[in-house]
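Engineer: Okay, so here is query-v9.txt, and as you'll see once you scroll down, it has compact mmCIF, C-alpha atoms.
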# COMPACT_ATOMS: atom_id res chain seq x y z
CA MET A 21 -15.59 8.05 -13.72
CA ARG A 22 -12.54 8.69 -15.84
CA ARG A 23 -9.76 6.25 -15.25
CA ARG A 24 -6.58 7.70 -13.90
CA GLU A 25 -4.01 8.42 -16.51
CA PHE A 26 -1.41 5.70 -16.27
CA ILE A 27 2.03 7.01 -15.56
CA THR A 28 4.60 4.88 -17.35
CA LEU A 29 7.78 6.51 -16.18
CA LEU A 30 8.85 8.14 -12.94
CA SER A 31 11.21 11.08 -12.83
CA GLY A 32 14.77 10.24 -11.93
CA VAL A 33 14.75 6.52 -12.64
CA ALA A 34 17.81 4.83 -11.14
CA ALA A 35 21.02 5.95 -12.77
CA SER A 36 23.67 3.59 -14.02
CA TRP A 37 26.57 4.90 -11.96
CA PRO A 38 27.19 4.53 -8.21
CA LEU A 39 25.13 6.71 -5.91
CA ALA A 40 28.06 8.36 -4.17
CA SER A 41 29.70 9.27 -7.49
CA ARG A 42 26.42 10.56 -8.88
CA ALA A 43 25.79 12.83 -5.89
CA GLN A 44 29.37 14.15 -5.96
CA GLN A 45 29.35 14.85 -9.70
CA GLN A 46 25.95 16.57 -9.66
CA SER A 47 26.44 18.42 -6.32
CA LEU A 48 22.75 17.86 -5.58
CA PRO A 49 21.10 15.98 -2.71
CA VAL A 50 19.84 12.54 -3.63
CA VAL A 51 16.55 11.14 -2.33
CA GLY A 52 16.33 7.36 -2.38
CA ILE A 53 12.97 5.65 -2.74
CA LEU A 54 12.72 2.02 -1.64
CA SER A 55 9.67 -0.05 -2.64
CA ALA A 56 8.76 -3.70 -2.28
CA GLN A 57 6.54 -3.50 -5.35
CA SER A 58 7.18 -2.60 -8.99
CA GLN A 59 7.62 0.70 -10.78
CA GLN A 60 4.37 0.07 -12.64
CA SER A 61 2.26 -0.74 -9.56
CA GLU A 62 3.52 2.26 -7.57
CA ALA A 63 3.65 4.86 -10.36
CA THR A 64 0.47 6.74 -9.45
CA LEU A 65 1.13 6.98 -5.71
CA LEU A 66 4.79 7.90 -6.08
CA ALA A 67 3.87 10.55 -8.63
CA GLU A 68 1.71 12.15 -5.91
CA TRP A 69 4.65 12.00 -3.50
CA GLU A 70 6.90 13.68 -6.10
CA LYS A 71 4.30 16.34 -6.88
CA ALA A 72 4.08 17.29 -3.21
CA LEU A 73 7.88 17.40 -2.95
CA ASN A 74 7.89 19.76 -5.95
CA GLU A 75 5.52 22.05 -4.07
CA THR A 76 8.09 22.39 -1.27
CA GLY A 77 10.58 23.70 -3.83
CA TYR A 78 12.44 20.54 -4.85
CA VAL A 79 12.34 19.46 -8.50
CA SER A 80 14.16 16.46 -9.96
CA GLY A 81 17.22 17.46 -11.98
CA ARG A 82 17.06 21.07 -10.79
CA ASN A 83 17.94 20.92 -7.11
CA VAL A 84 17.43 17.26 -6.16
CA LEU A 85 18.02 13.84 -7.68
CA PHE A 86 15.97 10.66 -7.23
CA GLU A 87 17.14 7.06 -6.98
CA TYR A 88 14.43 4.38 -7.12
CA ARG A 89 14.87 0.77 -6.04
CA PHE A 90 11.98 -1.67 -6.64
CA ALA A 91 12.04 -5.21 -5.23
CA ASP A 92 9.34 -6.30 -7.71
CA GLY A 93 7.53 -8.35 -5.09
CA GLN A 94 10.67 -10.05 -3.78
CA SER A 95 10.84 -8.72 -0.23
CA ASP A 96 13.99 -10.68 0.53
CA ARG A 97 15.84 -8.24 -1.76
CA LEU A 98 14.94 -5.22 0.37
CA PRO A 99 17.95 -5.35 2.75
CA MET A 100 20.34 -5.42 -0.21
CA LEU A 101 18.52 -2.57 -1.98
CA ALA A 102 18.44 -0.51 1.22
CA ALA A 103 22.19 -1.04 1.66
CA GLU A 104 22.74 0.27 -1.88
CA LEU A 105 20.72 3.41 -1.25
CA VAL A 106 22.27 4.41 2.07
CA ARG A 107 25.68 4.73 0.39
CA GLY A 108 24.79 8.07 -1.14
CA VAL A 109 21.36 9.50 -0.29
CA ALA A 110 20.40 12.48 1.83
CA VAL A 111 16.93 11.13 2.64
CA LEU A 112 15.52 7.62 2.28
CA VAL A 113 11.80 7.24 1.51
CA ALA A 114 10.31 3.83 2.34
CA ASN A 115 7.15 2.88 0.48
CA THR A 116 5.13 0.57 2.81
CA THR A 117 6.11 -1.43 5.89
CA PRO A 118 8.71 -4.01 4.74
CA PRO A 119 10.85 -1.33 3.02
CA ALA A 120 10.57 0.86 6.13
CA ILE A 121 11.82 -1.97 8.32
CA ALA A 122 14.69 -2.66 5.89
CA ALA A 123 15.58 1.04 5.73
CA LYS A 124 15.70 1.39 9.51
CA ALA A 125 17.96 -1.66 9.75
CA ALA A 126 20.29 -0.17 7.11
CA THR A 127 20.96 3.22 8.75
CA THR A 128 20.68 5.01 12.07
CA THR A 129 21.76 8.39 10.71
CA ILE A 130 20.18 9.05 7.30
CA PRO A 131 16.65 10.51 7.65
CA ILE A 132 13.88 8.05 6.75
CA VAL A 133 10.33 8.95 5.71
CA PHE A 134 7.92 6.01 5.61
CA MET A 135 4.42 5.40 4.29
CA THR A 136 2.76 2.49 6.06
CA GLY A 137 -0.64 0.97 6.68
CA VAL A 138 0.18 -0.25 10.19
CA ASP A 139 0.85 1.22 13.62
CA PRO A 140 4.53 2.24 13.34
CA VAL A 141 5.02 1.96 17.11
CA GLU A 142 3.78 -1.63 17.14
CA VAL A 143 6.25 -2.70 14.43
CA GLY A 144 9.15 -0.83 16.01
CA LEU A 145 9.66 1.94 13.45
CA VAL A 146 9.29 4.80 15.94
CA ALA A 147 9.22 5.32 19.70
CA SER A 148 5.94 7.24 19.63
CA PHE A 149 3.65 9.13 17.27
CA ASN A 150 4.34 12.57 18.73
CA ARG A 151 8.09 12.14 19.26
CA PRO A 152 9.32 9.49 16.81
CA GLY A 153 12.94 9.93 17.91
CA ALA A 154 16.07 8.83 16.07
CA ASN A 155 16.09 9.24 12.27
CA VAL A 156 12.60 8.02 11.32
CA THR A 157 9.18 9.59 10.77
CA GLY A 158 6.40 9.35 8.21
CA VAL A 159 2.73 8.81 7.51
CA THR A 160 0.46 5.95 8.50
CA PHE A 161 -2.94 5.24 7.02
CA LEU A 162 -3.72 2.34 9.41
CA SER A 163 -5.47 0.25 6.75
CA ASN A 164 -5.10 -2.89 8.86
CA LYS A 165 -7.35 -1.32 11.53
CA LEU A 166 -10.27 -1.39 9.08
CA VAL A 167 -10.38 -5.16 8.55
CA ALA A 168 -13.56 -5.67 10.58
CA LYS A 169 -15.50 -2.91 8.83
CA ARG A 170 -14.43 -4.11 5.37
CA LEU A 171 -15.51 -7.65 6.16
CA GLU A 172 -18.87 -6.43 7.42
CA LEU A 173 -19.50 -4.43 4.22
CA LEU A 174 -18.62 -7.41 2.04
CA ALA A 175 -20.79 -9.79 4.05
CA THR A 176 -23.78 -7.49 3.53
CA LEU A 177 -23.80 -8.30 -0.19
CA ILE A 178 -23.80 -12.09 -0.09
CA SER A 179 -26.00 -14.86 1.29
CA PRO A 180 -26.06 -15.00 5.12
CA ALA A 181 -25.06 -18.66 4.91
CA ALA A 182 -22.07 -18.14 2.59
CA ALA A 183 -18.50 -18.46 3.81
CA ILE A 184 -15.90 -15.83 2.92
CA GLY A 185 -12.44 -16.50 1.55
CA MET A 186 -9.37 -14.44 2.48
CA LEU A 187 -6.08 -13.97 0.65
CA ALA A 188 -3.05 -13.01 2.73
CA HIS A 189 0.64 -12.81 1.90
CA THR A 190 2.82 -15.39 3.62
CA ASN A 191 5.80 -13.08 4.14
CA ASN A 192 4.06 -9.82 5.03
CA PRO A 193 4.80 -8.68 8.61
CA ASN A 194 1.12 -7.74 9.06
CA THR A 195 -0.33 -11.12 8.08
CA VAL A 196 -0.64 -12.58 11.59
CA ALA A 197 -2.56 -9.54 12.84
CA ASP A 198 -4.66 -9.22 9.68
CA VAL A 199 -5.76 -12.85 9.77
CA ARG A 200 -6.42 -12.71 13.51
CA ASP A 201 -8.60 -9.61 13.14
CA ALA A 202 -10.46 -11.02 10.14
CA LEU A 203 -11.22 -14.28 11.93
CA ALA A 204 -12.53 -12.35 14.95
CA ALA A 205 -14.68 -10.14 12.72
CA ALA A 206 -16.07 -13.15 10.85
CA ALA A 207 -16.95 -14.87 14.12
CA ALA A 208 -18.75 -11.75 15.33
CA LEU A 209 -20.78 -11.77 12.10
CA GLY A 210 -21.52 -15.49 12.39
CA ARG A 211 -19.52 -16.20 9.23
CA THR A 212 -17.01 -18.88 8.34
CA LEU A 213 -13.72 -17.47 7.04
CA HIS A 214 -11.32 -19.61 5.03
CA VAL A 215 -7.78 -18.23 4.72
CA GLU A 216 -5.23 -18.95 2.01
CA ARG A 217 -1.68 -17.58 2.24
CA VAL A 218 0.45 -17.01 -0.85
CA ALA A 219 4.15 -16.20 -1.11
CA SER A 220 4.41 -15.69 -4.86
CA LEU A 221 2.32 -15.06 -7.95
CA SER A 222 2.71 -18.70 -8.96
CA GLU A 223 0.67 -19.71 -5.89
CA LEU A 224 -2.20 -17.31 -6.49
CA ASP A 225 -4.32 -19.41 -8.87
CA ALA A 226 -4.15 -22.49 -6.62
CA ALA A 227 -5.06 -20.43 -3.56
CA VAL A 228 -8.20 -19.00 -5.18
CA THR A 229 -9.11 -22.44 -6.53
CA ALA A 230 -8.83 -23.85 -3.01
CA LEU A 231 -11.19 -21.18 -1.71
CA VAL A 232 -13.69 -21.84 -4.49
CA GLN A 233 -13.62 -25.54 -3.64
CA GLN A 234 -14.59 -24.56 -0.09
CA ARG A 235 -17.65 -22.82 -1.60
CA VAL A 236 -16.85 -19.30 -0.48
CA GLY A 237 -19.33 -16.65 -1.58
CA ALA A 238 -16.88 -13.74 -1.65
CA LEU A 239 -13.19 -12.92 -1.54
CA PHE A 240 -11.51 -10.62 1.00
CA VAL A 241 -8.01 -9.46 0.01
CA ALA A 242 -5.86 -8.57 3.02
CA PRO A 243 -4.84 -4.88 3.27
CA GLN A 244 -1.28 -5.57 2.18
CA ALA A 245 0.69 -3.67 -0.44
CA ASP A 246 2.14 -6.95 -1.71
CA PHE A 247 -1.04 -7.52 -3.68
CA ARG A 248 -0.83 -4.27 -5.68
CA ILE A 249 1.78 -5.84 -7.93
CA TRP A 250 -0.67 -8.68 -8.74
CA GLN A 251 -3.69 -6.47 -9.38
CA GLN A 252 -4.52 -7.74 -12.87
CA GLN A 253 -4.16 -11.39 -11.90
CA ILE A 254 -6.34 -11.06 -8.78
CA LEU A 255 -9.04 -9.22 -10.69
CA ALA A 256 -8.99 -11.83 -13.46
CA LEU A 257 -9.37 -14.68 -10.94
CA ALA A 258 -12.22 -12.90 -9.16
CA LYS A 259 -14.02 -12.39 -12.47
CA ARG A 260 -13.42 -15.96 -13.68
CA ASN A 261 -14.76 -17.43 -10.44
CA VAL A 262 -17.63 -14.90 -10.12
CA LEU A 263 -16.45 -13.77 -6.69
CA PRO A 264 -17.49 -10.45 -5.15
CA THR A 265 -14.17 -9.12 -3.91
CA SER A 266 -13.19 -6.50 -1.33
CA PHE A 267 -9.95 -4.51 -1.41
CA SER A 268 -8.38 -1.84 0.76
CA ASN A 269 -7.33 0.33 -2.19
CA SER A 270 -9.75 2.01 -4.62
CA ASP A 271 -7.33 1.50 -7.53
CA PHE A 272 -8.55 -2.12 -7.66
CA VAL A 273 -12.15 -0.93 -7.97
CA ILE A 274 -11.29 1.58 -10.68
CA ALA A 275 -9.64 -1.32 -12.52
CA GLY A 276 -12.76 -3.52 -12.23
CA GLY A 277 -12.94 -4.87 -8.68
CA LEU A 278 -16.24 -4.77 -6.81
CA MET A 279 -15.57 -2.69 -3.72
CA SER A 280 -12.95 -1.15 -1.45
CA TYR A 281 -12.90 0.55 1.89
CA GLY A 282 -9.72 2.14 3.08
CA PRO A 283 -7.63 5.23 3.62
CA ASN A 284 -7.02 7.86 0.96
CA GLN A 285 -3.47 6.80 0.19
CA THR A 286 -3.02 9.58 -2.36
CA GLU A 287 -3.30 12.12 0.45
CA SER A 288 -0.91 10.11 2.61
CA TYR A 289 1.74 10.05 -0.10
CA ARG A 290 1.36 13.78 -0.58
CA GLU A 291 1.99 14.32 3.13
CA ALA A 292 5.08 12.14 2.91
CA GLY A 293 6.32 14.26 0.00
CA ILE A 294 5.94 17.42 2.08
CA TYR A 295 7.83 15.81 4.97
CA THR A 296 10.64 14.85 2.57
CA GLY A 297 10.95 18.47 1.50
CA ARG A 298 10.98 19.73 5.09
CA ILE A 299 13.75 17.30 5.99
CA LEU A 300 15.80 18.33 2.96
CA LYS A 301 15.52 21.89 4.29
CA GLY A 302 17.04 20.82 7.58
CA GLU A 303 14.26 19.65 9.91
CA LYS A 304 14.98 16.53 11.95
CA PRO A 305 12.75 13.49 11.35
CA GLY A 306 12.76 12.51 15.01
CA GLU A 307 11.07 15.82 15.85
CA LEU A 308 8.36 15.55 13.17
CA PRO A 309 5.31 13.70 14.53
CA VAL A 310 4.02 10.70 12.63
CA LEU A 311 0.99 11.80 10.63
CA VAL A 312 -2.19 9.71 10.69
CA SER A 313 -4.48 9.70 7.67
CA THR A 314 -8.05 10.67 8.52
CA LYS A 315 -9.53 10.55 5.00
CA PHE A 316 -11.17 7.35 3.79
CA ASN A 317 -12.60 6.10 0.51
CA PHE A 318 -15.52 3.70 0.12
CA ALA A 319 -15.65 2.73 -3.53
CA ILE A 320 -18.10 0.52 -5.44
CA ASN A 321 -17.95 -0.46 -9.10
CA VAL A 322 -21.56 -0.48 -10.28
CA ASN A 323 -20.80 -2.32 -13.53
CA THR A 324 -19.01 -5.09 -11.63
CA ALA A 325 -21.96 -5.40 -9.24
CA LYS A 326 -24.31 -5.81 -12.24
CA ALA A 327 -22.03 -8.45 -13.77
CA LEU A 328 -22.14 -10.35 -10.47
CA ASP A 329 -25.95 -9.94 -10.31
CA LEU A 330 -25.67 -8.09 -7.02
CA THR A 331 -28.03 -5.41 -5.77
CA ILE A 332 -26.28 -2.72 -3.77
CA PRO A 333 -28.56 -1.53 -0.92
CA PRO A 334 -29.39 2.21 -1.05
CA SER A 335 -27.99 2.59 2.48
CA MET A 336 -24.63 1.33 1.25
CA LEU A 337 -24.66 3.51 -1.87
CA ALA A 338 -25.28 6.52 0.35
CA LEU A 339 -22.00 5.83 2.15
CA THR A 340 -19.83 5.67 -0.97
CA THR A 341 -17.26 8.33 -1.70
CA MET A 342 -16.46 6.86 -5.13
CA LEU A 343 -19.11 5.33 -7.37
CA ILE A 344 -17.55 3.88 -10.50
CA GLU A 345 -19.85 3.35 -13.48
Write the structure described by the file as structure tokens, please.
Structural biologist:
Amino acid sequence: MRRREFITLLSGVAASWPLASRAQQQSLPVVGILSAQSQQSEATLLAEWEKALNETGYVSGRNVLFEYRFADGQSDRLPMLAAELVRGVAVLVANTTPPAIAAKAATTTIPIVFMTGVDPVEVGLVASFNRPGANVTGVTFLSNKLVAKRLELLATLISPAAAIGMLAHTNNPNTVADVRDALAAAAALGRTLHVERVASLSELDAAVTALVQQRVGALFVAPQADFRIWQQQILALAKRNVLPTSFSNSDFVIAGGLMSYGPNQTESYREAGIYTGRILKGEKPGELPVLVSTKFNFAINVNTAKALDLTIPPSMLALTTMLIE
């Protein structure tokens, strides 16, 4: 499979003058994009969002302007970045759950479009799926609901006696539920699950080392966007420690990880781009139902499996939607 072309720059990178002044001088609506990750880690997905927005008739520099704010993995910066954006944007797009929560706390009037992997009702983003209410709507791909299935697929490839290690982010709002669901799934499979939580990149190496010392036979990375910014480091640690590793996003598998099972986030970001365009045209977010992704990817990297001396069962290969060779 051809690797995706890496997009190095996003249209409309943050300008150097204040948002309100920029909007006034240009006489164009400004869309703010708030992300907990980095410009590099989110480039491909946000490019899909922008492409879909273009298809609704809005093109950067022609009839809309973009303002990006990236927290670069420092979620504690999100409230400050959200406060900056709400000073001069017409719509605020929140990329994943922590930015969505920060955006909602920053404004009750500016329309917000979120992309999240959790149930938005459970985390308080909307009142209901069909009638979100207030100023918030978006797309959910419910990746955290697939924890049990992902763990089962990973367990199929390793010794029945081997424990599984799990990486979760200390500060992610989904961590409690993700760990709870993973522990329940492991118990149902008769597996031991060891969990290590990390708050920063500097803790990652020690966390994986601790799991290796507990003799885990595989690594399960929680379905949290926080880890996208550390993709290269996680893949390097998995390779160094010869650990079959499961992810929720196929980008990790394209980059060399073993396997992933999760929603088609590209499609979800496209839907969010279309919603952004509809809101710019005057529709109210509270009247636009939250969309639920129904497309899923099951990806396996055949070369990585060979390097790990793993045999992928034919029944599992038959289920794949992406086979990377």
Engineer: Could you tell me how far CA of Phe267 (chain A) sits from CA of Glu68 (chain A), in Å to one decimal place?
Structural biologist: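 Here the two named atoms are 20.8 Å from each other.
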Engineer: What does the structure give for the distance between CA of Leu221 (chain A) and CA of Gln57 (chain A), in Å to one decimal?
Structural biologist: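 Atom-to-atom, CA of Leu221 (chain A) and CA of Gln57 (chain A) are spaced 12.6 Å apart.
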Engineer: I'd like the interatomic distance between CA of Ser313 (chain A) and CA of Thr176 (chain A), to a tenth of an Å.
Structural biologist: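 Separation of CA of Ser313 (chain A) and CA of Thr176 (chain A): 26.2 Å.
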Engineer: May I ask which of the residues A:Ala123, A:Ala206, A:Val241, A:Leu339 is the closest one to Leu278 (chain A), counting only C-alpha atoms?
Structural biologist: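 Comparing A:Ala123, A:Ala206, A:Val241, A:Leu339 against Leu278 (chain A), the winner is A:Val241.
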Engineer: Would you please work out which residue, of A:Phe247, A:Phe240, A:Tyr295, A:Phe134, is nearest to Ser220 (chain A) when using all atoms listed in the file?
Structural biologist: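 Distance minimum relative to Ser220 (chain A) lands on A:Phe247.
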Engineer: Reconstruct N, CA and C atoms of region 41-73 of chain A; output as a short mmCIF file (atom, residue, chain, number, x, y, z; two decimals), keeping the file's coordinate frame.
Structural biologist:
data_model
loop_
_atom_site.label_atom_id
_atom_site.label_comp_id
_atom_site.auth_asym_id
_atom_site.auth_seq_id
_atom_site.Cartn_x
_atom_site.Cartn_y
_atom_site.Cartn_z
N SER A 41 29.09 8.55 -6.37
CA SER A 41 29.70 9.27 -7.49
C SER A 41 28.69 10.20 -8.13
N ARG A 42 27.45 9.73 -8.25
CA ARG A 42 26.42 10.56 -8.88
C ARG A 42 26.18 11.83 -8.06
N ALA A 43 26.04 11.68 -6.74
CA ALA A 43 25.79 12.83 -5.89
C ALA A 43 26.95 13.82 -5.94
N GLN A 44 28.18 13.29 -5.95
CA GLN A 44 29.37 14.15 -5.96
C GLN A 44 29.46 14.92 -7.27
N GLN A 45 29.22 14.22 -8.40
CA GLN A 45 29.35 14.85 -9.70
C GLN A 45 28.26 15.91 -9.91
N GLN A 46 27.06 15.66 -9.42
CA GLN A 46 25.95 16.57 -9.66
C GLN A 46 25.86 17.67 -8.59
N SER A 47 26.49 17.46 -7.43
CA SER A 47 26.44 18.42 -6.32
C SER A 47 25.01 18.73 -5.89
N LEU A 48 24.14 17.73 -5.98
CA LEU A 48 22.75 17.86 -5.58
C LEU A 48 22.41 16.76 -4.58
N PRO A 49 21.52 17.05 -3.62
CA PRO A 49 21.10 15.98 -2.71
C PRO A 49 20.34 14.90 -3.46
N VAL A 50 20.51 13.68 -3.02
CA VAL A 50 19.84 12.54 -3.63
C VAL A 50 18.81 11.98 -2.65
N VAL A 51 17.59 11.79 -3.12
CA VAL A 51 16.55 11.14 -2.33
C VAL A 51 16.39 9.72 -2.86
N GLY A 52 16.53 8.75 -1.98
CA GLY A 52 16.33 7.36 -2.38
C GLY A 52 14.92 6.91 -2.05
N ILE A 53 14.32 6.17 -2.96
CA ILE A 53 12.97 5.65 -2.74
C ILE A 53 13.04 4.12 -2.82
N LEU A 54 12.66 3.47 -1.74
CA LEU A 54 12.72 2.02 -1.64
C LEU A 54 11.31 1.45 -1.62
N SER A 55 11.01 0.53 -2.55
CA SER A 55 9.67 -0.05 -2.64
C SER A 55 9.76 -1.56 -2.78
N ALA A 56 8.83 -2.24 -2.15
CA ALA A 56 8.76 -3.70 -2.28
C ALA A 56 8.05 -4.13 -3.55
N GLN A 57 7.32 -3.18 -4.17
CA GLN A 57 6.54 -3.50 -5.35
C GLN A 57 7.30 -3.15 -6.63
N SER A 58 6.57 -2.90 -7.70
CA SER A 58 7.18 -2.60 -8.99
C SER A 58 7.01 -1.14 -9.35
N GLN A 59 7.77 -0.68 -10.31
CA GLN A 59 7.62 0.70 -10.78
C GLN A 59 6.22 0.92 -11.34
N GLN A 60 5.69 -0.05 -12.04
CA GLN A 60 4.37 0.07 -12.64
C GLN A 60 3.28 0.16 -11.57
N SER A 61 3.33 -0.71 -10.56
CA SER A 61 2.26 -0.74 -9.56
C SER A 61 2.26 0.49 -8.66
N GLU A 62 3.40 1.13 -8.50
CA GLU A 62 3.52 2.26 -7.57
C GLU A 62 3.55 3.62 -8.27
N ALA A 63 3.46 3.62 -9.60
CA ALA A 63 3.65 4.86 -10.36
C ALA A 63 2.72 5.98 -9.92
N THR A 64 1.43 5.68 -9.78
CA THR A 64 0.47 6.74 -9.45
C THR A 64 0.72 7.33 -8.07
N LEU A 65 0.92 6.48 -7.07
CA LEU A 65 1.13 6.98 -5.71
C LEU A 65 2.44 7.74 -5.59
N LEU A 66 3.51 7.21 -6.19
CA LEU A 66 4.79 7.90 -6.08
C LEU A 66 4.81 9.20 -6.87
N ALA A 67 3.99 9.28 -7.90
CA ALA A 67 3.87 10.55 -8.63
C ALA A 67 3.24 11.61 -7.72
N GLU A 68 2.30 11.21 -6.86
CA GLU A 68 1.71 12.15 -5.91
C GLU A 68 2.74 12.60 -4.88
N TRP A 69 3.56 11.65 -4.43
CA TRP A 69 4.65 12.00 -3.50
C TRP A 69 5.59 13.02 -4.15
N GLU A 70 5.98 12.78 -5.41
CA GLU A 70 6.90 13.68 -6.10
C GLU A 70 6.27 15.05 -6.32
N LYS A 71 5.00 15.07 -6.66
CA LYS A 71 4.30 16.34 -6.88
C LYS A 71 4.32 17.19 -5.62
N ALA A 72 4.07 16.55 -4.47
CA ALA A 72 4.08 17.29 -3.21
C ALA A 72 5.48 17.78 -2.88
N LEU A 73 6.49 16.97 -3.16
CA LEU A 73 7.88 17.40 -2.95
C LEU A 73 8.20 18.61 -3.81
#
